[in-house]
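What follows is the content of data-v8.pdb (PDB, C-alpha atoms).
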ATOM      1  CA  MET D   1      86.081  79.096 112.102
ATOM      2  CA  THR D   2      87.842  79.618 108.767
ATOM      3  CA  LEU D   3      88.015  83.153 107.444
ATOM      4  CA  LEU D   4      88.321  84.067 103.775
ATOM      5  CA  LEU D   5      90.440  87.099 103.047
ATOM      6  CA  GLN D   6      89.827  88.283  99.490
ATOM      7  CA  ALA D   7      92.784  90.318  98.305
ATOM      8  CA  ALA D   8      93.534  92.605  95.362
ATOM      9  CA  VAL D   9      90.147  92.444  93.658
ATOM     10  CA  CYS D  10      90.451  95.883  92.129
ATOM     11  CA  ALA D  11      91.116  97.666  88.846
ATOM     12  CA  ALA D  12      94.847  96.997  89.202
ATOM     13  CA  ALA D  13      94.089  93.278  89.049
ATOM     14  CA  PHE D  14      92.797  93.522  85.485
ATOM     15  CA  ALA D  15      95.148  92.367  82.759
ATOM     16  CA  GLU D  16      96.588  95.152  80.632
ATOM     17  CA  GLY D  17      97.928  93.045  77.818
ATOM     18  CA  GLY D  18     101.413  92.913  76.393
ATOM     19  CA  SER D  19     103.323  90.847  73.899
ATOM     20  CA  GLU D  20     104.364  88.232  76.437
ATOM     21  CA  GLY D  21     101.265  88.118  78.601
ATOM     22  CA  SER D  22      99.100  90.080  80.943
ATOM     23  CA  ARG D  23     100.237  92.420  83.634
ATOM     24  CA  PRO D  24     101.134  90.170  86.590
ATOM     25  CA  GLY D  25      98.254  89.152  88.784
ATOM     26  CA  HIS D  26      99.626  88.363  92.242
ATOM     27  CA  ARG D  27     102.786  86.721  93.454
ATOM     28  CA  LYS D  28     102.607  83.018  94.284
ATOM     29  CA  ALA D  29     105.694  81.122  95.464
ATOM     30  CA  GLY D  30     108.110  83.588  93.948
ATOM     31  CA  GLY D  31     106.126  84.145  90.744
ATOM     32  CA  THR D  32     102.862  85.492  89.363
ATOM     33  CA  ILE D  33      99.572  84.292  87.944
ATOM     34  CA  GLY D  34      98.483  86.101  84.770
ATOM     35  CA  ILE D  35      95.768  86.032  82.155
ATOM     36  CA  ARG D  36      95.632  87.481  78.661
ATOM     37  CA  LEU D  37      93.363  87.542  75.633
ATOM     38  CA  LEU D  38      94.765  85.763  72.572
ATOM     39  CA  GLU D  39      92.377  87.019  69.890
ATOM     40  CA  ALA D  40      89.990  89.804  68.939
ATOM     41  CA  SER D  41      86.964  89.728  66.657
ATOM     42  CA  SER D  42      87.755  89.920  62.946
ATOM     43  CA  ASN D  43      86.267  93.412  62.596
ATOM     44  CA  ARG D  44      88.299  94.766  65.531
ATOM     45  CA  ARG D  45      91.804  93.682  64.641
ATOM     46  CA  ASP D  46      92.797  97.340  64.323
ATOM     47  CA  ASP D  47      91.329  98.199  67.743
ATOM     48  CA  PRO D  48      94.020  98.319  70.485
ATOM     49  CA  ARG D  49      91.431  97.859  73.257
ATOM     50  CA  ALA D  50      90.073  94.712  71.619
ATOM     51  CA  GLN D  51      93.573  93.205  71.704
ATOM     52  CA  ILE D  52      93.604  93.146  75.520
ATOM     53  CA  TYR D  53      89.903  93.271  76.481
ATOM     54  CA  VAL D  54      86.820  91.446  75.239
ATOM     55  CA  VAL D  55      85.207  94.358  73.354
ATOM     56  CA  ASP D  56      82.341  93.197  71.168
ATOM     57  CA  HIS D  57      78.892  93.949  69.804
ATOM     58  CA  ILE D  58      76.708  90.847  69.419
ATOM     59  CA  ASN D  59      73.190  90.425  68.118
ATOM     60  CA  PRO D  60      70.723  88.381  70.209
ATOM     61  CA  GLY D  61      70.748  84.696  69.295
ATOM     62  CA  THR D  62      74.466  84.758  68.403
ATOM     63  CA  THR D  63      77.329  82.673  69.823
ATOM     64  CA  ILE D  64      81.013  83.570  69.582
ATOM     65  CA  HIS D  65      84.254  82.217  71.088
ATOM     66  CA  ARG D  66      87.355  83.877  72.499
ATOM     67  CA  ARG D  67      90.684  82.220  73.338
ATOM     68  CA  LEU D  68      92.644  83.197  76.452
ATOM     69  CA  GLU D  69      95.789  82.023  78.204
ATOM     70  CA  ILE D  70      96.549  81.515  81.897
ATOM     71  CA  SER D  71     100.228  81.817  82.868
ATOM     72  CA  ASN D  72     102.196  80.816  85.952
ATOM     73  CA  THR D  73     105.711  82.133  86.527
ATOM     74  CA  SER D  74     106.147  80.511  89.948
ATOM     75  CA  ARG D  75     108.380  77.539  90.700
ATOM     76  CA  ILE D  76     105.496  75.195  91.536
ATOM     77  CA  PRO D  77     102.227  74.210  89.785
ATOM     78  CA  GLN D  78      99.213  76.335  90.682
ATOM     79  CA  ARG D  79      95.545  75.401  90.926
ATOM     80  CA  VAL D  80      93.537  78.087  89.169
ATOM     81  CA  ALA D  81      89.779  78.651  89.036
ATOM     82  CA  VAL D  82      88.475  80.455  85.938
ATOM     83  CA  PHE D  83      85.056  82.113  85.991
ATOM     84  CA  VAL D  84      83.059  85.148  84.841
ATOM     85  CA  GLY D  85      81.795  87.930  87.078
ATOM     86  CA  ALA D  86      79.951  91.207  86.584
ATOM     87  CA  ALA D  87      81.704  94.577  86.733
ATOM     88  CA  GLU D  88      80.631  98.202  86.809
ATOM     89  CA  ILE D  89      81.937 101.681  86.107
ATOM     90  CA  ARG D  90      82.037 103.460  89.445
ATOM     91  CA  GLY D  91      83.816 106.729  90.145
ATOM     92  CA  ASN D  92      85.163 106.731  86.561
ATOM     93  CA  LYS D  93      86.909 103.410  87.264
ATOM     94  CA  PHE D  94      86.226  99.903  85.948
ATOM     95  CA  LYS D  95      85.615  97.792  89.062
ATOM     96  CA  PRO D  96      84.303  94.321  89.907
ATOM     97  CA  ALA D  97      80.671  94.374  90.986
ATOM     98  CA  ARG D  98      79.986  93.471  94.608
ATOM     99  CA  ASN D  99      77.569  90.830  93.315
ATOM    100  CA  ARG D 100      79.190  88.476  90.810
ATOM    101  CA  ASN D 101      75.783  87.958  89.145
ATOM    102  CA  ALA D 102      74.811  91.644  89.012
ATOM    103  CA  ASN D 103      74.211  91.282  85.253
ATOM    104  CA  GLU D 104      73.697  88.416  82.794
ATOM    105  CA  LEU D 105      77.320  87.893  81.757
ATOM    106  CA  ALA D 106      77.949  85.038  84.193
ATOM    107  CA  SER D 107      75.049  83.128  82.626
ATOM    108  CA  TRP D 108      75.932  84.051  79.022
ATOM    109  CA  ILE D 109      79.656  83.252  79.170
ATOM    110  CA  SER D 110      81.196  79.865  79.996
ATOM    111  CA  VAL D 111      84.792  78.578  79.940
ATOM    112  CA  ASP D 112      85.896  75.120  78.900
ATOM    113  CA  SER D 113      88.286  74.751  81.880
ATOM    114  CA  PRO D 114      86.740  76.281  85.006
ATOM    115  CA  ALA D 115      89.295  74.460  87.195
ATOM    116  CA  LEU D 116      92.826  73.721  85.996
ATOM    117  CA  VAL D 117      96.417  73.256  87.084
ATOM    118  CA  VAL D 118      98.995  75.522  85.465
ATOM    119  CA  PRO D 119     102.493  73.951  85.488
ATOM    120  CA  ALA D 120     105.452  75.746  87.012
ATOM    121  CA  ASN D 121     106.613  78.431  84.564
ATOM    122  CA  GLY D 122     103.872  77.226  82.220
ATOM    123  CA  ARG D 123     100.842  78.390  80.294
ATOM    124  CA  VAL D 124      97.422  76.819  79.694
ATOM    125  CA  PRO D 125      94.935  77.895  76.978
ATOM    126  CA  VAL D 126      91.289  78.499  77.869
ATOM    127  CA  LYS D 127      88.323  78.999  75.544
ATOM    128  CA  ALA D 128      85.387  81.212  76.495
ATOM    129  CA  THR D 129      82.000  80.764  74.808
ATOM    130  CA  ILE D 130      79.675  83.778  74.685
ATOM    131  CA  ALA D 131      76.082  82.792  73.863
ATOM    132  CA  ILE D 132      73.496  85.589  73.728
ATOM    133  CA  PRO D 133      69.874  84.420  74.045
ATOM    134  CA  GLU D 134      67.231  85.516  71.551
ATOM    135  CA  GLY D 135      65.369  87.590  74.108
ATOM    136  CA  ALA D 136      68.360  89.516  75.453
ATOM    137  CA  SER D 137      67.666  93.207  76.004
ATOM    138  CA  LYS D 138      69.636  95.944  74.292
ATOM    139  CA  GLY D 139      72.584  97.562  76.080
ATOM    140  CA  GLU D 140      76.222  97.285  77.121
ATOM    141  CA  ARG D 141      77.280  94.978  79.947
ATOM    142  CA  TYR D 142      80.565  94.999  81.854
ATOM    143  CA  GLY D 143      82.368  92.099  83.446
ATOM    144  CA  ALA D 144      85.599  90.131  83.647
ATOM    145  CA  ILE D 145      86.953  86.667  83.040
ATOM    146  CA  TRP D 146      88.837  85.917  86.253
ATOM    147  CA  ALA D 147      91.745  83.601  87.031
ATOM    148  CA  GLU D 148      91.796  82.938  90.772
ATOM    149  CA  THR D 149      94.164  81.143  93.138
ATOM    150  CA  ALA D 150      93.734  80.533  96.854
ATOM    151  CA  SER D 151      96.190  79.544  99.559
ATOM    152  CA  GLU D 152      95.570  76.101 101.059
ATOM    153  CA  LEU D 153      94.728  75.573 104.725
ATOM    154  CA  LYS D 154      96.620  72.595 106.167
ATOM    155  CA  PRO D 155      94.862  70.369 108.738
ATOM    156  CA  GLY D 156      95.982  71.164 112.278
ATOM    157  CA  SER D 157      97.563  74.446 111.239
ATOM    158  CA  ARG D 158      97.034  77.489 113.434
ATOM    159  CA  ARG D 159      96.619  79.549 110.305
ATOM    160  CA  ASN D 160      92.929  80.141 109.667
ATOM    161  CA  VAL D 161      93.048  82.767 106.925
ATOM    162  CA  ALA D 162      92.995  81.859 103.226
ATOM    163  CA  VAL D 163      94.215  84.496 100.773
ATOM    164  CA  VAL D 164      92.412  84.649  97.416
ATOM    165  CA  ASN D 165      94.224  86.322  94.521
ATOM    166  CA  ARG D 166      92.601  87.258  91.213
ATOM    167  CA  VAL D 167      93.570  88.768  87.902
ATOM    168  CA  GLY D 168      91.089  89.283  85.087
ATOM    169  CA  VAL D 169      90.420  90.354  81.519
ATOM    170  CA  ARG D 170      87.765  93.027  81.166
ATOM    171  CA  ILE D 171      84.569  92.489  79.176
ATOM    172  CA  TYR D 172      82.732  95.291  77.352
ATOM    173  CA  LEU D 173      79.845  93.484  75.676
ATOM    174  CA  ASP D 174      77.153  95.397  73.790
ATOM    175  CA  VAL D 175      74.004  93.525  72.816
ATOM    176  CA  GLY D 176      71.360  94.598  70.333
ATOM    177  CA  PRO D 177      70.156  94.391  66.746
ATOM    178  CA  GLY D 178      72.005  96.160  63.956
ATOM    179  CA  GLY D 179      75.540  97.439  64.051
ATOM    180  CA  ASP D 180      77.885  98.541  66.791
ATOM    181  CA  PRO D 181      76.770 101.774  68.515
ATOM    182  CA  PRO D 182      79.138 104.718  67.963
ATOM    183  CA  THR D 183      82.145 105.333  70.208
ATOM    184  CA  ASP D 184      83.251 108.950  70.575
ATOM    185  CA  PHE D 185      84.539 111.539  73.036
ATOM    186  CA  ARG D 186      85.681 115.143  73.125
ATOM    187  CA  VAL D 187      88.139 117.203  75.152
ATOM    188  CA  LYS D 188      86.346 120.146  76.737
ATOM    189  CA  ARG D 189      89.128 121.951  78.601
ATOM    190  CA  LEU D 190      92.889 121.862  79.093
ATOM    191  CA  THR D 191      94.157 123.443  82.318
ATOM    192  CA  PRO D 192      97.766 123.823  83.566
ATOM    193  CA  GLY D 193      98.576 123.692  87.264
ATOM    194  CA  ARG D 194     101.142 122.780  89.882
ATOM    195  CA  ILE D 195     100.727 120.277  92.691
ATOM    196  CA  ARG D 196     101.764 121.062  96.264
ATOM    197  CA  ASP D 197     105.499 120.468  95.721
ATOM    198  CA  GLY D 198     105.504 122.649  92.583
ATOM    199  CA  THR D 199     105.525 119.846  89.997
ATOM    200  CA  PRO D 200     103.675 120.993  86.844
ATOM    201  CA  VAL D 201     100.600 119.073  85.721
ATOM    202  CA  VAL D 202      98.081 119.400  82.907
ATOM    203  CA  ARG D 203      94.460 118.407  83.392
ATOM    204  CA  ALA D 204      92.175 117.627  80.457
ATOM    205  CA  THR D 205      88.426 117.310  80.915
ATOM    206  CA  VAL D 206      87.062 114.509  78.723
ATOM    207  CA  GLN D 207      83.397 113.802  77.950
ATOM    208  CA  ASN D 208      82.124 110.520  76.528
ATOM    209  CA  THR D 209      79.802 111.610  73.712
ATOM    210  CA  GLY D 210      79.289 108.120  72.280
ATOM    211  CA  GLU D 211      77.101 105.177  73.231
ATOM    212  CA  ARG D 212      79.795 102.829  74.546
ATOM    213  CA  ALA D 213      82.187 102.979  77.489
ATOM    214  CA  ILE D 214      85.707 104.256  76.807
ATOM    215  CA  ASP D 215      89.142 103.844  78.440
ATOM    216  CA  VAL D 216      91.188 107.015  78.023
ATOM    217  CA  GLU D 217      94.937 107.059  77.467
ATOM    218  CA  GLY D 218      97.278 109.393  75.626
ATOM    219  CA  ARG D 219     100.350 111.611  75.559
ATOM    220  CA  ILE D 220     101.207 115.293  75.808
ATOM    221  CA  TRP D 221     103.967 117.379  74.208
ATOM    222  CA  LEU D 222     105.256 120.854  75.085
ATOM    223  CA  SER D 223     107.294 123.010  72.686
ATOM    224  CA  ASP D 224     108.398 126.597  72.027
ATOM    225  CA  GLY D 225     108.968 127.157  75.737
ATOM    226  CA  PRO D 226     111.393 129.680  77.249
ATOM    227  CA  GLY D 227     114.706 129.433  75.410
ATOM    228  CA  GLY D 228     113.136 127.062  72.867
ATOM    229  CA  LEU D 229     112.661 124.280  75.427
ATOM    230  CA  LYS D 230     110.699 121.156  74.558
ATOM    231  CA  ALA D 231     109.222 118.387  76.718
ATOM    232  CA  GLY D 232     107.514 115.101  76.012
ATOM    233  CA  PRO D 233     105.948 112.976  74.981
ATOM    234  CA  THR D 234     104.640 112.414  78.511
ATOM    235  CA  PRO D 235     101.915 109.801  79.083
ATOM    236  CA  VAL D 236      98.691 110.745  80.821
ATOM    237  CA  GLN D 237      97.757 108.760  83.901
ATOM    238  CA  VAL D 238      95.802 105.666  82.891
ATOM    239  CA  GLY D 239      92.835 104.099  84.632
ATOM    240  CA  THR D 240      90.006 106.462  83.611
ATOM    241  CA  THR D 241      86.923 104.681  82.259
ATOM    242  CA  LEU D 242      83.875 106.700  81.238
ATOM    243  CA  ALA D 243      80.349 105.423  80.728
ATOM    244  CA  PRO D 244      78.283 107.094  77.970
ATOM    245  CA  GLY D 245      77.510 110.693  78.890
ATOM    246  CA  ASP D 246      80.041 110.881  81.725
ATOM    247  CA  GLU D 247      82.963 113.256  81.942
ATOM    248  CA  ALA D 248      86.102 113.267  84.083
ATOM    249  CA  PRO D 249      89.582 114.804  84.240
ATOM    250  CA  VAL D 250      92.702 112.997  83.059
ATOM    251  CA  MET D 251      96.103 114.177  84.245
ATOM    252  CA  ALA D 252      99.645 114.329  82.964
ATOM    253  CA  VAL D 253     102.469 114.910  85.473
ATOM    254  CA  LEU D 254     105.439 116.691  83.901
ATOM    255  CA  ASP D 255     109.084 117.341  84.774
ATOM    256  CA  ALA D 256     109.424 119.378  87.965
ATOM    257  CA  ARG D 257     112.140 121.524  86.354
ATOM    258  CA  LEU D 258     109.876 123.018  83.679
ATOM    259  CA  PRO D 259     109.521 126.834  83.796
ATOM    260  CA  ASP D 260     106.137 128.541  83.740
ATOM    261  CA  GLY D 261     106.135 129.254  80.012
ATOM    262  CA  PRO D 262     104.342 130.200  77.862
ATOM    263  CA  TRP D 263     104.346 126.867  76.008
ATOM    264  CA  ARG D 264     102.849 125.421  72.887
ATOM    265  CA  VAL D 265     100.933 122.291  73.893
ATOM    266  CA  LYS D 266      99.749 119.253  71.957
ATOM    267  CA  LEU D 267      97.571 116.600  73.601
ATOM    268  CA  THR D 268      96.499 113.347  71.952
ATOM    269  CA  LEU D 269      93.960 111.130  73.705
ATOM    270  CA  GLU D 270      92.543 107.861  72.432
ATOM    271  CA  SER D 271      90.240 105.021  73.278
ATOM    272  CA  GLY D 272      90.517 102.078  70.934
ATOM    273  CA  ARG D 273      90.177 103.321  67.373
ATOM    274  CA  VAL D 274      89.001 106.816  68.366
ATOM    275  CA  ARG D 275      91.701 109.482  68.645
ATOM    276  CA  ARG D 276      91.388 113.193  69.389
ATOM    277  CA  THR D 277      94.206 115.772  69.225
ATOM    278  CA  ILE D 278      94.087 119.360  70.451
ATOM    279  CA  THR D 279      96.757 122.071  70.342
ATOM    280  CA  GLY D 280      97.096 125.471  71.919
ATOM    281  CA  THR D 281      99.070 127.712  74.275
ATOM    282  CA  LEU D 282      99.335 127.516  78.061
ATOM    283  CA  THR D 283     101.282 128.967  80.990
ATOM    284  CA  PHE D 284     101.811 127.212  84.308
ATOM    285  CA  PRO D 285     101.071 129.137  87.520
ATOM    286  CA  ALA D 286     104.074 130.267  89.570
ATOM    287  CA  LYS D 287     102.903 128.802  92.894
ATOM    288  CA  GLY D 288     102.321 125.235  93.993
ATOM    289  CA  ALA D 289      98.858 123.825  94.743
ATOM    290  CA  THR D 290      97.241 126.202  92.224
ATOM    291  CA  TRP D 291      95.638 126.054  88.788
ATOM    292  CA  GLY D 292      96.361 128.510  85.990
ATOM    293  CA  GLN D 293      94.114 129.829  83.273
ATOM    294  CA  ALA D 294      92.714 127.298  80.811
ATOM    295  CA  ALA D 295      94.824 126.803  77.708
ATOM    296  CA  LEU D 296      93.988 128.928  74.686
ATOM    297  CA  LEU D 297      93.139 126.253  72.126
ATOM    298  CA  ASP D 298      93.795 126.653  68.420
ATOM    299  CA  SER D 299      90.536 125.054  67.292
ATOM    300  CA  THR D 300      86.988 125.878  68.244
ATOM    301  CA  PRO D 301      85.135 123.005  69.927
ATOM    302  CA  TRP D 302      83.293 120.914  67.373
ATOM    303  CA  MET D 303      79.838 121.830  68.621
ATOM    304  CA  TYR D 304      80.472 125.509  67.917
ATOM    305  CA  VAL D 305      81.976 124.713  64.536
ATOM    306  CA  ALA D 306      78.890 122.677  63.659
ATOM    307  CA  ALA D 307      76.575 125.407  64.930
ATOM    308  CA  GLY D 308      78.495 128.062  62.967
ATOM    309  CA  ALA D 309      78.400 125.973  59.801
ATOM    310  CA  LEU D 310      74.660 125.467  60.180
ATOM    311  CA  ALA D 311      74.088 129.182  60.761
ATOM    312  CA  ALA D 312      76.193 130.056  57.724
ATOM    313  CA  ALA D 313      74.233 127.598  55.605
ATOM    314  CA  LEU D 314      70.911 129.100  56.748
ATOM    315  CA  VAL D 315      72.099 132.649  56.024
ATOM    316  CA  ALA D 316      73.357 131.625  52.585
ATOM    317  CA  GLY D 317      70.071 129.893  51.828
ATOM    318  CA  LEU D 318      68.085 132.938  52.923
ATOM    319  CA  GLY D 319      70.263 135.160  50.753
ATOM    320  CA  ILE D 320      69.588 133.027  47.684
ATOM    321  CA  VAL D 321      65.830 133.155  48.296
ATOM    322  CA  LEU D 322      65.861 136.959  48.651
ATOM    323  CA  LEU D 323      67.999 137.347  45.540
ATOM    324  CA  ARG D 324      65.577 135.266  43.517
ATOM    325  CA  ARG D 325      62.687 137.397  44.707
ATOM    326  CA  VAL D 326      64.478 140.604  43.720
ATOM    327  CA  ARG D 327      65.381 139.326  40.244
ATOM    328  CA  ARG D 328      61.974 137.792  39.450
ATOM    329  CA  PRO D 329      60.532 139.809  36.479
ATOM    330  CA  ARG D 330      57.175 141.505  36.840
ATOM    331  CA  ARG D 331      54.326 140.382  34.678
ATOM    332  CA  ARG D 332      52.973 142.965  32.183
ATOM    333  CA  ALA D 333      49.298 143.799  32.250
ATOM    334  CA  GLY D 334      47.491 142.397  29.197
TER     335      GLY D 334
END
Please express what this file holds, its structure, as structure tokens.
Amino acid sequence: MTLLLQAAVCAAAFAEGGSEGSRPGHRKAGGTIGIRLLEASSNRRDDPRAQIYVVDHINPGTTIHRRLEISNTSRIPQRVAVFVGAAEIRGNKFKPARNRNANELASWISVDSPALVVPANGRVPVKATIAIPEGASKGERYGAIWAETASELKPGSRRNVAVVNRVGVRIYLDVGPGGDPPTDFRVKRLTPGRIRDGTPVVRATVQNTGERAIDVEGRIWLSDGPGGLKAGPTPVQVGTTLAPGDEAPVMAVLDARLPDGPWRVKLTLESGRVRRTITGTLTFPAKGATWGQAALLDSTPWMYVAAGALAAALVAGLGIVLLRRVRRPRRRAG
């Protein structure tokens, strides 16, 4: 009986882009198999996410094309299968769905070379066609275009386990009439802490307030610390994906030698073309495995600013009405 061992089908297997190709997939004969996106839609050329992922909004009845490239850095040719599978956002992570056909993407997207041989240290282009039917329902779907290799089982060999390796390019495909739904998020809290060994960390709580999924990345700076110390920029840990309405923490791990503070802090987070920056003051706790008080932010959260502006406008309007009533002249009796 032949067993199939499916390996490394996880978020780390998704391509992360780069000037020379995708993040390596999995090692084969001393090299790696990779996949990367070669183009973005014309209206998303300024969107960093659309340079590495298929991020699009398409109206029903529309067909588009995307070019990709499969690479092989091993010393021998590799047989590669290319196909589309569904994905999902689970536990604030972008993950392959257990069922490849969990949504319609596998039936909407086709590739011109579903089976190919990539030469040793070579690259092969692939074209994906995305055709949305007229009756497609509104909403965002998630998936991936996978490049897959499998070890061969030789006749008569005692080895009865085949290892399947995959690397993929994410798909964020929104379908519906009209324009692209808004993408937005806000930072709700910023909390300093120390992990068990005393290393300082900063945790930001992010909420997706838009109508499309987001991938959060960013950097943090510290300044005006004890003795005028500065630190950063330090990247936040990547890998957080939020569906609309969800919220989750993102973390930045800082230099273990940093004193408690107080510090001036600046945090910039972004997802594609959306960027949010907050500043404030924080102090790290003295003990490990503890959290300090939330940072005192310089700006009031936008919802309170909006509410305050609305209240001020209502009060001003009421004042004008009352003033007009006071100044209205009385009519003389005839």
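The residues caught by the PyMOL selection byres ((chain D and resi 284) around 7) in this file are Pro192, Gly193, Pro200, Asp260, Gly261, Leu282, Thr283, Pro285, Ala286 and Gly292 of chain D.
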Which residues are close to range 248-256 of chain D, i.e. within 7 Å by only C-alpha atoms, leaving aside same-chain residues fewer than 3 positions away? Reply as a list in words. Gly198, Thr199, Pro200, Val201, Val202, Arg203, Ala204, Thr205, Val206, Gln207, Thr234, Pro235, Val236 and Gln237 of chain D
May I have the residues from that selection written out with C-alpha atoms, as a PDB file, in the coordinates of the input?
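The resulting file, result-v1.pdb, is shown below:
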ATOM      1  CA  GLY D 198     105.504 122.649  92.583  1.00  0.00           C
ATOM      2  CA  THR D 199     105.525 119.846  89.997  1.00  0.00           C
ATOM      3  CA  PRO D 200     103.675 120.993  86.844  1.00  0.00           C
ATOM      4  CA  VAL D 201     100.600 119.073  85.721  1.00  0.00           C
ATOM      5  CA  VAL D 202      98.081 119.400  82.907  1.00  0.00           C
ATOM      6  CA  ARG D 203      94.460 118.407  83.392  1.00  0.00           C
ATOM      7  CA  ALA D 204      92.175 117.627  80.457  1.00  0.00           C
ATOM      8  CA  THR D 205      88.426 117.310  80.915  1.00  0.00           C
ATOM      9  CA  VAL D 206      87.062 114.509  78.723  1.00  0.00           C
ATOM     10  CA  GLN D 207      83.397 113.802  77.950  1.00  0.00           C
ATOM     11  CA  THR D 234     104.640 112.414  78.511  1.00  0.00           C
ATOM     12  CA  PRO D 235     101.915 109.801  79.083  1.00  0.00           C
ATOM     13  CA  VAL D 236      98.691 110.745  80.821  1.00  0.00           C
ATOM     14  CA  GLN D 237      97.757 108.760  83.901  1.00  0.00           C
TER      15      GLN D 237
END
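Ranking D:Ile70, D:Leu296, D:Val84, D:Ala97 by their shortest atom-to-atom distance to Pro119 in chain D, with only C-alpha atoms included, puts D:Ile70 first.
Closest to Pro181 in chain D among D:Asn72, D:Asn59, D:Thr268, D:Ser42 is D:Asn59, based on only C-alpha atoms.
Atom to atom, CA of Gly245 in chain D and CA of Ser137 in chain D stand 20.3 Å apart.
Between CA of Ala81 in chain D and CA of Arg166 in chain D there is a distance of 9.3 Å.
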Excluding Lys138 in chain D and any residue of its chain fewer than 5 positions from it, enumerate the residues within 12 Å of it, using all atoms listed in the file, and give them as a VMD selection string. chain D and resid 57 to 60 132 to 133 173 to 181 211
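Residue nearest Gly139 in chain D within the list D:Pro259, D:Tyr172, D:Arg67, D:Arg75: D:Tyr172 [criterion: smallest interatomic distance, only C-alpha atoms].
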Name the residues in contact with Ile64 in chain D at a cut-off of 10 Å, using only C-alpha atoms, excluding same-chain residues fewer than 3 positions from it; report them as a PDB file with C-alpha atoms, in the frame of the given file.
ATOM      1  CA  SER D  41      86.964  89.728  66.657  1.00  0.00           C
ATOM      2  CA  ASP D  56      82.341  93.197  71.168  1.00  0.00           C
ATOM      3  CA  ILE D  58      76.708  90.847  69.419  1.00  0.00           C
ATOM      4  CA  ILE D 109      79.656  83.252  79.170  1.00  0.00           C
ATOM      5  CA  ALA D 128      85.387  81.212  76.495  1.00  0.00           C
ATOM      6  CA  THR D 129      82.000  80.764  74.808  1.00  0.00           C
ATOM      7  CA  ILE D 130      79.675  83.778  74.685  1.00  0.00           C
ATOM      8  CA  ALA D 131      76.082  82.792  73.863  1.00  0.00           C
ATOM      9  CA  ILE D 132      73.496  85.589  73.728  1.00  0.00           C
TER      10      ILE D 132
END
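Proximity of D:Glu134, D:Asp47, D:Asp112, D:Glu148 to Gly34 in chain D, computed with only C-alpha atoms, is greatest for D:Glu148.
With CA of Ala150 in chain D on one side and CA of Gln78 in chain D on the other, the separation reads 9.3 Å.
Note on the selection: in this file the PyMOL selection byres ((chain D and resi 85) around 10) comes out as Phe83, Val84, Ala86, Ala87, Pro96, Ala97, Arg98, Asn99, Arg100, Asn101, Ala102, Asn103, Glu104, Leu105, Ala106, Ser107, Ile109, Tyr142, Gly143, Ala144, Ile145, Trp146, Gly168, Arg170 and Ile171 of chain D.
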For the structure provided, state which residues fall under the PyMOL selection byres ((chain D and resi 77) around 7), and present them as an NGL selection string. :D and (76 or 78-79 or 117-120)
